[in-house]
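S.K.: Before anything else, here's the structure in question.
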Amino acid sequence: MKSTFNVQFAGSTVEYKEVIAAAKKIWVDEGNQNRLVKDLTQLDLYVKPEENKVYYVFNGEESGDFPLY
């Protein structure tokens, strides 16, 4: 099955793949050590378009946020 998932709010559209890619980039770029995407075993994302934020939890421990748009 092929599917898509998009968030639309206030005239903007963001595809879920873009949100996941941004979270993975944060995981790799902002880690204290040389982390790889394969080290990310659990990724929980919470999208709040009204705040223009995506909240994340990496591996059930590390959390933060980044802009949705």
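How things are named: the first chain in the structure tokens is A, the next is B, and so on; residues count from 1 in each chain; ligands count from 1 in the order shown.
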Please list as a PyMOL selection string every residue within 10 Å of Val37 in chain A, counting only C-alpha atoms and excluding residues in the same chain fewer than 5 positions away.

M.R.: chain A and resi 24-28

S.K.: Quick one: residues within 10 Å of Glu62 in chain A, only C-alpha atoms counted, chain neighbours fewer than 5 positions away excluded, as a PyMOL selection string?

M.R.: chain A and resi 27+43+56-57

S.K.: Would you list the contacts of Phe9 in chain A as a list in words, taking every protein, DNA or RNA residue within 9 Å and counting only C-alpha atoms, but skipping same-chain residues closer than 3 positions in sequence?

M.R.: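 In the requested form, the answer reads Ser12, Thr13, Val14, Pro49 and Glu50 of chain A.
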
S.K.: Keeping only N, CA and C atoms, write the selected residues as an mmCIF file, in the first residue's frame.

M.R.:
```
data_model
loop_
_atom_site.group_PDB
_atom_site.id
_atom_site.type_symbol
_atom_site.label_atom_id
_atom_site.label_comp_id
_atom_site.auth_asym_id
_atom_site.auth_seq_id
_atom_site.Cartn_x
_atom_site.Cartn_y
_atom_site.Cartn_z
ATOM 1 N N SER A 12 0.090 26.388 4.761
ATOM 2 C CA SER A 12 1.339 25.654 4.553
ATOM 3 C C SER A 12 1.087 24.159 4.621
ATOM 4 N N THR A 13 1.897 23.404 3.882
ATOM 5 C CA THR A 13 1.803 21.953 3.881
ATOM 6 C C THR A 13 3.178 21.369 4.119
ATOM 7 N N VAL A 14 3.245 20.390 5.029
ATOM 8 C CA VAL A 14 4.487 19.689 5.317
ATOM 9 C C VAL A 14 4.209 18.196 5.262
ATOM 10 N N PRO A 49 0.721 22.227 14.961
ATOM 11 C CA PRO A 49 0.795 23.263 13.930
ATOM 12 C C PRO A 49 0.452 24.656 14.453
ATOM 13 N N GLU A 50 -0.452 24.750 15.419
ATOM 14 C CA GLU A 50 -0.840 26.066 15.932
ATOM 15 C C GLU A 50 0.326 26.763 16.640
#
```

S.K.: Using only C-alpha atoms, find the one residue out of A:Val54, A:Ala23, A:Ala10, A:Leu68 that sits nearest to Leu40 in chain A.

M.R.: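 Looking only at the distances to Leu40 in chain A, the closest residue turns out to be A:Ala23.
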
S.K.: May I ask which of the residues A:Tyr46, A:Phe58, A:Tyr69, A:Phe5 is the closest one to Glu30 in chain A, counting only C-alpha atoms?

M.R.: A:Phe58

S.K.: Please extract the residues of chain A with a backbone DSSP assignment of helix (DSSP H, G or I) and present them as a ChimeraX atom specification.

M.R.: /A:16-29,37-39,49-51

S.K.: What are the DSSP strand (DSSP E or B) residues of chain A, as a VMD selection string?

M.R.: chain A and resid 6 to 9 12 to 15 43 to 48 53 to 58 62 to 67

S.K.: Store the residues picked out above in a file with N, CA, C and O atoms, as a JSON list (two decimals), in the first residue's frame.

M.R.:
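What follows is the written file again.json:
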```json
[["chain", "number", "residue", "atom", "x", "y", "z"],
["A", 6, "ASN", "N", 0.23, 14.30, 5.29],
["A", 6, "ASN", "CA", 0.64, 15.69, 5.25],
["A", 6, "ASN", "C", -0.04, 16.46, 6.36],
["A", 6, "ASN", "O", -1.18, 16.17, 6.73],
["A", 7, "VAL", "N", 0.66, 17.47, 6.88],
["A", 7, "VAL", "CA", 0.08, 18.39, 7.85],
["A", 7, "VAL", "C", -0.16, 19.70, 7.12],
["A", 7, "VAL", "O", 0.76, 20.25, 6.51],
["A", 8, "GLN", "N", -1.39, 20.18, 7.17],
["A", 8, "GLN", "CA", -1.73, 21.45, 6.54],
["A", 8, "GLN", "C", -2.26, 22.39, 7.62],
["A", 8, "GLN", "O", -3.10, 22.01, 8.42],
["A", 9, "PHE", "N", -1.73, 23.60, 7.60],
["A", 9, "PHE", "CA", -2.17, 24.60, 8.57],
["A", 9, "PHE", "C", -1.79, 25.97, 8.06],
["A", 9, "PHE", "O", -0.66, 26.19, 7.61],
["A", 12, "SER", "N", 0.09, 26.39, 4.76],
["A", 12, "SER", "CA", 1.34, 25.65, 4.55],
["A", 12, "SER", "C", 1.09, 24.16, 4.62],
["A", 12, "SER", "O", 0.19, 23.71, 5.32],
["A", 13, "THR", "N", 1.90, 23.40, 3.88],
["A", 13, "THR", "CA", 1.80, 21.95, 3.88],
["A", 13, "THR", "C", 3.18, 21.37, 4.12],
["A", 13, "THR", "O", 4.15, 21.80, 3.52],
["A", 14, "VAL", "N", 3.25, 20.39, 5.03],
["A", 14, "VAL", "CA", 4.49, 19.69, 5.32],
["A", 14, "VAL", "C", 4.21, 18.20, 5.26],
["A", 14, "VAL", "O", 3.28, 17.71, 5.90],
["A", 15, "GLU", "N", 5.01, 17.47, 4.49],
["A", 15, "GLU", "CA", 4.86, 16.02, 4.39],
["A", 15, "GLU", "C", 5.57, 15.36, 5.57],
["A", 15, "GLU", "O", 6.60, 15.82, 6.04],
["A", 43, "LEU", "N", 11.50, 6.85, 17.91],
["A", 43, "LEU", "CA", 11.29, 8.25, 17.59],
["A", 43, "LEU", "C", 9.81, 8.57, 17.79],
["A", 43, "LEU", "O", 8.97, 8.04, 17.07],
["A", 44, "ASP", "N", 9.52, 9.39, 18.78],
["A", 44, "ASP", "CA", 8.14, 9.83, 19.04],
["A", 44, "ASP", "C", 8.04, 11.30, 18.66],
["A", 44, "ASP", "O", 8.84, 12.13, 19.14],
["A", 45, "LEU", "N", 7.09, 11.63, 17.80],
["A", 45, "LEU", "CA", 6.90, 13.00, 17.34],
["A", 45, "LEU", "C", 5.49, 13.47, 17.68],
["A", 45, "LEU", "O", 4.53, 12.71, 17.55],
["A", 46, "TYR", "N", 5.40, 14.72, 18.09],
["A", 46, "TYR", "CA", 4.12, 15.34, 18.42],
["A", 46, "TYR", "C", 4.06, 16.66, 17.66],
["A", 46, "TYR", "O", 4.86, 17.56, 17.93],
["A", 47, "VAL", "N", 3.15, 16.76, 16.72],
["A", 47, "VAL", "CA", 3.06, 17.93, 15.84],
["A", 47, "VAL", "C", 1.98, 18.87, 16.38],
["A", 47, "VAL", "O", 0.84, 18.47, 16.58],
["A", 48, "LYS", "N", 2.38, 20.13, 16.60],
["A", 48, "LYS", "CA", 1.43, 21.16, 17.04],
["A", 48, "LYS", "C", 1.50, 22.32, 16.06],
["A", 48, "LYS", "O", 2.25, 23.27, 16.24],
["A", 53, "LYS", "N", 5.41, 23.97, 15.89],
["A", 53, "LYS", "CA", 6.41, 23.16, 16.59],
["A", 53, "LYS", "C", 6.19, 21.68, 16.35],
["A", 53, "LYS", "O", 5.06, 21.22, 16.20],
["A", 54, "VAL", "N", 7.30, 20.96, 16.34],
["A", 54, "VAL", "CA", 7.29, 19.51, 16.40],
["A", 54, "VAL", "C", 8.09, 19.15, 17.65],
["A", 54, "VAL", "O", 9.25, 19.55, 17.79],
["A", 55, "TYR", "N", 7.45, 18.45, 18.56],
["A", 55, "TYR", "CA", 8.13, 18.00, 19.77],
["A", 55, "TYR", "C", 8.57, 16.56, 19.54],
["A", 55, "TYR", "O", 7.84, 15.77, 18.94],
["A", 56, "TYR", "N", 9.78, 16.23, 19.99],
["A", 56, "TYR", "CA", 10.31, 14.90, 19.78],
["A", 56, "TYR", "C", 10.81, 14.29, 21.07],
["A", 56, "TYR", "O", 11.17, 15.00, 22.01],
["A", 57, "VAL", "N", 10.83, 12.95, 21.08],
["A", 57, "VAL", "CA", 11.47, 12.18, 22.14],
["A", 57, "VAL", "C", 12.29, 11.11, 21.43],
["A", 57, "VAL", "O", 11.76, 10.32, 20.66],
["A", 58, "PHE", "N", 13.59, 11.13, 21.67],
["A", 58, "PHE", "CA", 14.50, 10.16, 21.08],
["A", 58, "PHE", "C", 14.76, 9.03, 22.08],
["A", 58, "PHE", "O", 15.16, 9.28, 23.21],
["A", 62, "GLU", "N", 15.66, 11.49, 25.43],
["A", 62, "GLU", "CA", 16.06, 12.84, 25.05],
["A", 62, "GLU", "C", 14.90, 13.54, 24.34],
["A", 62, "GLU", "O", 14.29, 12.97, 23.43],
["A", 63, "SER", "N", 14.58, 14.77, 24.73],
["A", 63, "SER", "CA", 13.44, 15.45, 24.13],
["A", 63, "SER", "C", 13.80, 16.88, 23.77],
["A", 63, "SER", "O", 14.80, 17.45, 24.23],
["A", 64, "GLY", "N", 12.96, 17.45, 22.92],
["A", 64, "GLY", "CA", 13.15, 18.83, 22.49],
["A", 64, "GLY", "C", 12.11, 19.18, 21.45],
["A", 64, "GLY", "O", 11.11, 18.47, 21.29],
["A", 65, "ASP", "N", 12.36, 20.24, 20.71],
["A", 65, "ASP", "CA", 11.42, 20.64, 19.66],
["A", 65, "ASP", "C", 12.17, 21.34, 18.54],
["A", 65, "ASP", "O", 13.32, 21.73, 18.69],
["A", 66, "PHE", "N", 11.47, 21.48, 17.42],
["A", 66, "PHE", "CA", 11.98, 22.22, 16.27],
["A", 66, "PHE", "C", 10.79, 22.78, 15.50],
["A", 66, "PHE", "O", 9.67, 22.33, 15.68],
["A", 67, "PRO", "N", 11.03, 23.81, 14.67],
["A", 67, "PRO", "CA", 9.92, 24.42, 13.92],
["A", 67, "PRO", "C", 9.32, 23.46, 12.90],
["A", 67, "PRO", "O", 10.05, 22.70, 12.25]]
```
